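Engineer: Here you go, one structure.
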Amino acid sequence: MLTLPLLLLGFSSYSTHKDFNQATVNANAQANILMLTTLLQHDVIDLQRNAFIYKDSASHSAAKKITALHIRLDTTLKKLQAIESLHSHHENLNSMKNHLNDYKINFNTVVDNRTRLEVLVKKYISNTPEALALKTQALSLSASQKQTIKNLLEQAQSHSLSYLLNNYQTHLTHFKKNISEAIKILKINNQKTILIDQINSHQKDFLNIVNLKRNYTYLISVVMAGSAREILYFSDTLSELSKKTSKSQQKRTTDKVNNQKNIIFYAVTFGIFMALITPLYFFWLIIKPIQKITHVLTELSKGKDIERIPGLERGDEIGLLAKSADIFKAKNEQTTDLLQQAENSITVQQKLNKELSEAKHQAEKSLSVKSDFLANMSHELRTPLNSVIGYTVRLLKKTDDFNTRQISSLNAIERNGKHLLAMINDILDLSKIEADKLELRFENFVLHNLCENVIDQLQASYEAKNLEFIFEFSPPKDFIVTSDPIRLSQVLINLISNAIKYTEQGWVKLSISQPDSQYIKFIISDSGIGIKKEDMHRLFKRFEQLDSDTRFHIGHGTGLGLAIVDNVSRLLGASVSASSEYNQGSSFTVILPITNLASST
């Protein structure tokens, strides 16, 4: 009931707005039609006026003005054809366009005839009566006859020029009469000469001029004027139609506005009545019950007990609100119970947290014991191993005192002792890395010297396998890097040793370059057995051996070398990556910052 007057007002406003918009559009369209038809009529009159000017004077400016007016009239007709309300009158518009095109064609014909006329007039005037009269001197005529012929030709010439000036028919009649009398005199005296043909030709030229002049005069005065009248007629028809349509639309818009006024009056009256009744009705129906339920909710929020919620028996929204209040009452009681349970749970959680903290402390203590144990055990193992290796080396220096079998045994002891010592060192380093106890000493050093030391340490290994070692160093030889030289040497030794280990023949290459001012790039490549594509993701994991065939042919290892390289490189601020093609060799790339931030701190 409340929305009904609003809907009526909205509908009325929308309709009125729509009607006004449509009326404005229609009025603009009709005004446009009237403007275009008025412009069309004005241009047609101006067109015909310039055509008459051209007929009398052959003015070039009039011809140009006619061409410009034709273009403008054509544009105006196109605009009229584009108006949607005139689509039903396309036949009239097409007729106007056809008449305009005919007018243009006829005017072009007039221009051509005028041009031909000027040529004929020049030719005609060049044949003067004196020239024709001179030709009579050679004829056997009396002097009086020759003078008569000359007078007749001069009179004919005079009448022809007078006709060209004022178009009087009497001049044309006298011209023909004078020519006929002159020819008659020649024929009476049996003077059948070329002069008669020339006089006839002179007469024919003038008659052609007369015909051409009559022709283009007829085109302008009758044909083109008729086309202009037809265009004006259709234009007047469109103007009258536009005026009638405009009046009809104005009347229809006025009637609609009056109807909308009545609708608005009734809607406003009904809306005022509903505005007076509605507050009283809603106060009794809604506000009073809501006040009661609000009072109940206030009492429940204070923790008071409420025996009954008012309005539960109702089936409307007030009833739903009362049921919500009843649910709130039940939830309030549940919340009290849950709060008590939460307090109990917090007490239990605090106890569990305390136990978890003690367990964490015990685990950390156990980890510390494990790290200390590994450090102590590695120290205890390395001391006797170093002694064994040392005594073995000393014995091998006196090979003259031993036979071949004994020397082979001593070599085996030295080799396995060094292998065991390397395994212990790897395990100790990895343990220190995991315990975050690996010490780094950053200092400035000459990179080329460090690389030469690394190559010297590994010389025996690659020479024992007859491998070619390639060393490429792009930076200057005195180039200084800030890092931990011991750990950087460890990374390079592990990677180069790994390349030598898995290369049976060919070459091992260490290439060092400086891609920019912040980093140094190390590339360790080889022509060894390479790595399968499916094994690349396991390269830097601990205790990983790629396959059983490799372990059988190359030898066993701890599987910690590349894991240590990865972890030590990370501590140095460097990154390690690998690429390989199976049976074609491998390539490991280390990108190291030239100045490590840890050194500055």
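Residues are referred to by chain and number: the chain letter is A, B, ... according to the order shown in the structure tokens, the number counts from 1 in that chain, and ligands are numbered separately from 1 in the order shown.
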Write out as a PyMOL selection string the residues lying within 8 Å of region 43-47 of chain A, counting only C-alpha atoms and excluding same-chain residues fewer than 5 positions away.
Structural biologist: chain A and resi 65-66+69-70+73+228+231-232
Engineer: Please, which residues in region 70-176 of chain A fall within 7 Å of region 196-218 of chain A when counting only C-alpha atoms, and what is the closest atom pair and distance in Å to one decimal for each, ordered by chain then residue number, as a Markdown table?
Structural biologist:
```
| residue | atom | partner | partner_atom | distance |
| --- | --- | --- | --- | --- |
| A:Val110 | CA | A:Tyr216 | CA | 5.0 |
| A:Asn113 | CA | A:Leu212 | CA | 6.2 |
| A:Leu117 | CA | A:Ile209 | CA | 5.9 |
| A:Leu120 | CA | A:Ile209 | CA | 6.4 |
| A:Val121 | CA | A:Ile209 | CA | 6.9 |
| A:Tyr124 | CA | A:Asp205 | CA | 6.4 |
```
Engineer: How far is it from CA of Lys150 (chain A) to CA of Tyr168 (chain A), in Å with one decimal?
Structural biologist: 23.7 Å
Engineer: I'd like the interatomic distance between CA of Gly226 (chain A) and CA of Lys97 (chain A), to a tenth of an Å.
Structural biologist: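 Pair CA of Gly226 (chain A) / CA of Lys97 (chain A) returns 13.9 Å.
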Engineer: Please compute the CA of Phe402 (chain A)-CA of Leu458 (chain A) distance, one decimal, in Å.
Structural biologist: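 One can read the CA of Phe402 (chain A) to CA of Leu458 (chain A) distance as 27.9 Å.
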Engineer: Against region 323-347 of chain A, which residues of region 195-296 of chain A fall within 10 Å? For each one I want the closest pair of atoms and the distance in Å (one decimal), counting only C-alpha atoms, rows by chain and increasing residue number, as CSV.
Structural biologist:
```
residue,atom,partner,partner_atom,distance
A:Ile293,CA,A:Ala325,CA,7.4
A:Thr294,CA,A:Ala325,CA,8.9
A:Val296,CA,A:Ala325,CA,7.9
```
